[in-house]
Amino acid sequence: MFLLVAATMTAPMTVMAQKAKGTFETGNGTFLLNGKPFVVKAAEIHYPRIPKPYWEHRIKMCKALGMNTVCIYIFWNIHEQEEGEFDFTGNNDVAEFCRLAQKNGMYVIVRPGPYVCAEWEMGGLPWWLLKKKDIRLRERDPYFMERVKIFEEKVGEQLAGLTIQNGGPIIMVQVENEYGSYGEDKPYVSEIRDCLRGIYGKDLALFQCDWSSNFEKNGLDDLTWTMNFGTGANINDQFRRLGELRPNAPKMCSEFWSGWFDKWGARHETRPAKDMVDGMDEMLSKGISFSLYMTHGGTSFGHWAGANSPGFAPDVTSYDYDAPINEYGLATPKFNELRKMMAKYNDGKALPAVPKAPMPIITVPKFELKEHAPLECGIDEREKGTLKTFEEMDMGWGTMMYFTFMPEIPAQSVLTGDFHDFAQVFVNGEYVGKIDRVKNEKSLTLPPIKKGSMLTILVEGMGRINFGRAIKDYKGIVGDVTFTAEVDGTETTWKPKEWYNATIPDDYETAKESFDCLKEEFDEMKEEISDLKKEKWGWMLSHGMKKEMEKMQEDFMSKGGFLGKRGYYRGYFNLSKVGDTFLNFETWGKGQVYVNGHAMGRIWSIGPQQTLYVPGCWLKKGKNEIIVLDVVGPKEAIVWGQDKPELNKLQLEKSNKHNNIGDKPDLNSATPAATGTFNGGNGWQTVKFATPKKGRFLAIECLSTQKEGDRVAIAELYLQGTDGKRISREPWTTKYANSEDENGNHTGDKVYDLQESTYWQTEKGATPPHLIVIDLGSEQTVSALEYLPRAEQGAPGSVKNYKIYLY
């Protein structure tokens, strides 16, 4: 056995194929490993979210939990960051990760997408696909499928020789990912299946995963079907329909959610350890296989954190996930409880010892980042013409500056546009305000504007949406920008056609070079103050802006940039010993951080995450460099390293609750679209209206619950149009809720967040009736409402008596 393992780590694939072969297949009521019944106990971990020097430690931690398999996504966009340029080296060496799993006695399940979700930028799809504007993602679009097949073949070059049939650890490969949450297209799923079958051969087990409520939409007859659900779910109910359709099929929960992901501006998510342990215990007692998502979440370093939809809810950098193994690889109380239970299912053998952490945890005294380079020093490309998105400017991630010269607008005006994702507006370099996509903002009131004034809009792109139909998520200014004002009693609209687009890429080289170019910029400025014919600033002269240009140049010299404190900051800290640490950025604004050239991730003062995990393997004894790109500007340019993370500290302008009394509708004289009583228990229920109703706002009055004293809870809502089809929830927002459990992240937006395991819940002790009001974005004609209670056994908090309004 030792010789076999050693060979898999060093020999080329052609040699590995000659080693001892095995089999893994779907049998009668069970999986079969080499012909014998086998229960998959898989740990989901993601190699790009773990520094490569720590890979083996994290695998050993999973082994110490009693797991026999690791489950991994393959992230297309990290392997092919530019079209046609593939990288499977260093932290992208997925084949090496699989070999390490085998070395440690673990099998591997591979989930190669092409779409993976995973709260990852664009769900794993490369941003450059969006350069083809008419592309249809996750469909049989010719260009999309061409690129998918090229990618999957490149992955196959790395992994096909590592299947169990070739003596390797890979026992199963997944076809697409939760496609029922995206659409219904069996021909597309079939084409992905055929692609993977051609790469990995006819004998490798292929499977597809989905939710129990939608898996029939795309289920293929020749694939193994698995279910995804979270802790606390009614497990018998989750497999009920599968058991009816395939009574002899093995059962597997391919994603058993141990916790949940965090988003900017909301509380850190947690899930009870008991619910997780009890659920896994129940599955194992019934011979049900599982993959624990996540067993170890890790970190979405750099710009790789995605965003959720409907609306726009960007994810934080930490992917701790409240998993049994925390973000930095250590055992939690959840780990210990799970390990104790898993020991019962280890064939009477003792579980492996918990491995020692590869690095100590250290602190770093407070230090100041004294060097500052203005944001303008990061500008890479400039282009004059119409407004361009990031993708049109051939930039994947970063910030863009848009300039235009304004006509005279003598009164206050309203600037309107579609800004992806965080826009700041300036007139002649003076800050006016921000437009935040997270808050669904699309407009800003501007003061009167003099003719020739320069308008600057600074737009930072955050993670692209990773779930649902909104994954086609362009960055920058998407569409036109308009200005509307009432002048002499007449409403007037302006729409500038000539803009200057400037890109500021998000990468370490740009950040580093911003300091190198700073002196050059100052020298150029000095020359341009006396010589205004330089091409770089000549466009300002063509608009009669000599004085304004001189003032902006003077501001640049005196304030360190046109836009004040926004820009790059650099500093250093010295270490006598290296170790993992957590750098604190709560005095900063919003942006990105680089340590010793490594992109650490996003920061944002609103929280809940205020620290960034810095692995000790990326630090060094002596001098260490840190650069912060802050697009808002810090209160203090200070940083320190602490010995534990801060993942739950909000610094919001106002509460996330939707309880503004001015938004509460007066329903006393309104006629309900429907009244009645829901049934108790789990599963979807539909209320059909006697006649279709029109309205922009949906109001649900929850008069009572199935169990007296329960807090009201609703997991998901849909509305049906007159054709019986579900109305898009993309524009939905929560207008009012009289009670929301904010600390538990059970706010009103959870009823349309596309996640059946999350829910709106009222506060403890709040008395009914309870009211939730949803803004549908525009007037809709509605024929029915679909309602889903919580997924846990007994559906706690289920609504009993209700009134439904459309107005």
# chains A, B, ... in the order shown; residues from 1 in each chain; ligands from 1
$ select_by_dssp --residues "range 358-590 of chain A" --states "strand (DSSP E or B)" --output "MDAnalysis selection string"
chainID A and resid 361 364:368 371:374 382:385 389 398:405 409 413:416 419:420 422:427 430:436 443:446 449 454:460 465 476:477 482:487 490:494 499:505 567:575 580:584 590
$ atom_distance --atom1 "CA of Gln165 in chain A" --atom2 "CA of Lys36 in chain A"
15.4 Å
$ select_by_dssp --residues "range 554-765 of chain A" --states "helix (DSSP H, G or I)" --output "list in words"
Glu554, Asp555, Phe556, Met557, Ser558, Lys559, Gly616, Cys617, Trp618, Ile661, Gly662, Asp663, Gly748, Asp749, Lys750, Val751 and Tyr752 of chain A
$ residues_around --residues "range 566-583 of chain A" --least-positions-apart "4" --cutoff "7 Å" --atoms "only C-alpha atoms" --output "PyMOL selection string"
chain A and resi 359-363+368-375+511+611-616+619-633+639-645
$ write_last_selection --atoms "N, CA and C atoms" --output "tab-separated table (two decimals), in the first residue's frame"
chain	number	residue	atom	x	y	z
A	359	MET	N	0.71	26.08	12.45
A	359	MET	CA	1.31	27.35	12.87
A	359	MET	C	0.70	27.80	14.19
A	360	PRO	N	1.48	28.50	15.03
A	360	PRO	CA	0.89	29.12	16.21
A	360	PRO	C	0.08	30.34	15.80
A	361	ILE	N	-0.67	30.87	16.72
A	361	ILE	CA	-1.38	32.13	16.48
A	361	ILE	C	-0.62	33.24	17.19
A	362	ILE	N	-0.37	34.31	16.48
A	362	ILE	CA	0.43	35.41	17.03
A	362	ILE	C	-0.38	36.71	16.99
A	363	THR	N	0.11	37.69	17.72
A	363	THR	CA	-0.45	39.04	17.67
A	363	THR	C	0.59	39.98	17.07
A	368	GLU	N	1.11	52.02	12.01
A	368	GLU	CA	0.47	52.97	11.10
A	368	GLU	C	0.99	52.75	9.68
A	369	LEU	N	0.08	52.89	8.72
A	369	LEU	CA	0.45	52.83	7.31
A	369	LEU	C	0.70	54.27	6.85
A	370	LYS	N	1.95	54.67	6.79
A	370	LYS	CA	2.30	56.07	6.62
A	370	LYS	C	2.36	56.52	5.16
A	371	GLU	N	2.62	55.60	4.25
A	371	GLU	CA	2.70	55.99	2.85
A	371	GLU	C	1.30	56.02	2.23
A	372	HIS	N	1.04	57.06	1.43
A	372	HIS	CA	-0.26	57.18	0.78
A	372	HIS	C	-0.07	57.56	-0.67
A	373	ALA	N	-0.75	56.80	-1.56
A	373	ALA	CA	-0.78	57.12	-2.99
A	373	ALA	C	-2.23	57.34	-3.38
A	374	PRO	N	-2.56	58.46	-4.02
A	374	PRO	CA	-3.95	58.73	-4.40
A	374	PRO	C	-4.51	57.63	-5.30
A	375	LEU	N	-5.81	57.48	-5.24
A	375	LEU	CA	-6.48	56.45	-6.03
A	375	LEU	C	-6.17	56.60	-7.52
A	511	ALA	N	-1.44	47.96	-7.17
A	511	ALA	CA	-1.29	48.58	-5.86
A	511	ALA	C	0.16	49.00	-5.61
A	611	THR	N	-11.94	41.74	10.82
A	611	THR	CA	-10.55	41.26	10.72
A	611	THR	C	-10.39	40.42	9.46
A	612	LEU	N	-9.18	40.31	8.99
A	612	LEU	CA	-8.84	39.39	7.90
A	612	LEU	C	-7.87	38.34	8.42
A	613	TYR	N	-8.16	37.09	8.11
A	613	TYR	CA	-7.27	36.00	8.47
A	613	TYR	C	-6.02	36.07	7.59
A	614	VAL	N	-4.84	36.11	8.23
A	614	VAL	CA	-3.56	36.12	7.51
A	614	VAL	C	-2.80	34.86	7.89
A	615	PRO	N	-2.67	33.91	6.98
A	615	PRO	CA	-1.96	32.66	7.30
A	615	PRO	C	-0.48	32.91	7.54
A	616	GLY	N	0.05	32.26	8.56
A	616	GLY	CA	1.46	32.43	8.88
A	616	GLY	C	2.39	31.98	7.77
A	619	LEU	N	3.60	34.83	5.82
A	619	LEU	CA	4.38	35.85	6.52
A	619	LEU	C	5.84	35.41	6.61
A	620	LYS	N	6.68	36.28	7.10
A	620	LYS	CA	8.11	35.95	7.21
A	620	LYS	C	8.70	36.67	8.41
A	621	LYS	N	9.78	36.12	8.92
A	621	LYS	CA	10.51	36.81	9.99
A	621	LYS	C	11.07	38.11	9.45
A	622	GLY	N	11.05	39.12	10.30
A	622	GLY	CA	11.54	40.42	9.87
A	622	GLY	C	10.44	41.26	9.28
A	623	LYS	N	10.75	41.99	8.20
A	623	LYS	CA	9.87	43.01	7.65
A	623	LYS	C	8.79	42.40	6.75
A	624	ASN	N	7.53	42.77	7.00
A	624	ASN	CA	6.39	42.34	6.19
A	624	ASN	C	5.66	43.57	5.67
A	625	GLU	N	5.26	43.51	4.42
A	625	GLU	CA	4.59	44.64	3.77
A	625	GLU	C	3.07	44.46	3.77
A	626	ILE	N	2.35	45.56	3.98
A	626	ILE	CA	0.90	45.55	3.83
A	626	ILE	C	0.48	46.77	3.01
A	627	ILE	N	-0.40	46.55	2.03
A	627	ILE	CA	-0.98	47.64	1.25
A	627	ILE	C	-2.50	47.53	1.36
A	628	VAL	N	-3.13	48.64	1.66
A	628	VAL	CA	-4.59	48.71	1.71
A	628	VAL	C	-5.07	49.66	0.63
A	629	LEU	N	-5.97	49.19	-0.21
A	629	LEU	CA	-6.68	50.06	-1.14
A	629	LEU	C	-8.02	50.41	-0.50
A	630	ASP	N	-8.20	51.67	-0.15
A	630	ASP	CA	-9.42	52.11	0.52
A	630	ASP	C	-10.14	53.10	-0.39
A	631	VAL	N	-11.28	52.69	-0.95
A	631	VAL	CA	-12.00	53.56	-1.89
A	631	VAL	C	-12.87	54.58	-1.16
A	632	VAL	N	-12.97	54.48	0.16
A	632	VAL	CA	-13.73	55.44	0.96
A	632	VAL	C	-12.79	56.34	1.75
A	633	GLY	N	-11.71	55.76	2.25
A	633	GLY	CA	-10.76	56.49	3.08
A	633	GLY	C	-10.91	56.09	4.53
A	639	VAL	N	-3.40	49.53	11.82
A	639	VAL	CA	-3.72	48.10	11.74
A	639	VAL	C	-3.04	47.42	12.92
A	640	TRP	N	-3.65	46.36	13.41
A	640	TRP	CA	-2.99	45.52	14.40
A	640	TRP	C	-3.44	44.08	14.19
A	641	GLY	N	-2.62	43.16	14.68
A	641	GLY	CA	-2.95	41.74	14.55
A	641	GLY	C	-3.38	41.17	15.88
A	642	GLN	N	-4.54	40.53	15.91
A	642	GLN	CA	-5.05	39.95	17.16
A	642	GLN	C	-5.09	38.43	17.06
A	643	ASP	N	-5.35	37.79	18.20
A	643	ASP	CA	-5.23	36.33	18.25
A	643	ASP	C	-6.54	35.60	18.01
A	644	LYS	N	-7.57	36.33	17.64
A	644	LYS	CA	-8.84	35.70	17.26
A	644	LYS	C	-9.57	36.62	16.29
A	645	PRO	N	-10.44	36.06	15.45
A	645	PRO	CA	-11.11	36.88	14.45
A	645	PRO	C	-12.26	37.68	15.07
$ residues_around --residues "Gln81 in chain A" --least-positions-apart "4" --cutoff "9 Å" --atoms "only C-alpha atoms" --output "VMD selection string"
chain A and resid 76 to 77 85 to 87 126 to 128 396
$ closest_residue --among "A:Ser181, A:Asn91, A:Ser258, A:Asn745" --to "Ala43 in chain A" --atoms "only C-alpha atoms"
A:Ser258
$ residues_around --residues "Val94 in chain A" --least-positions-apart "5" --cutoff "9 Å" --atoms "only C-alpha atoms" --output "list in words"
Tyr47, Pro48, Ile74, Phe88, Thr89, Arg99, Val155, Gln158 and Leu159 of chain A
$ closest_residue --among "A:Lys649, A:Lys694, A:Lys439, A:Lys800" --to "Asn679 in chain A" --atoms "only C-alpha atoms"
A:Lys800
$ residues_around --residues "range 385-391 of chain A" --least-positions-apart "2" --cutoff "6 Å" --atoms "only C-alpha atoms" --output "list in words"
Lys131, Met393, Asp394, Met395, Lys475, Gly476, Ile477, Lys497, Glu498 and Trp499 of chain A
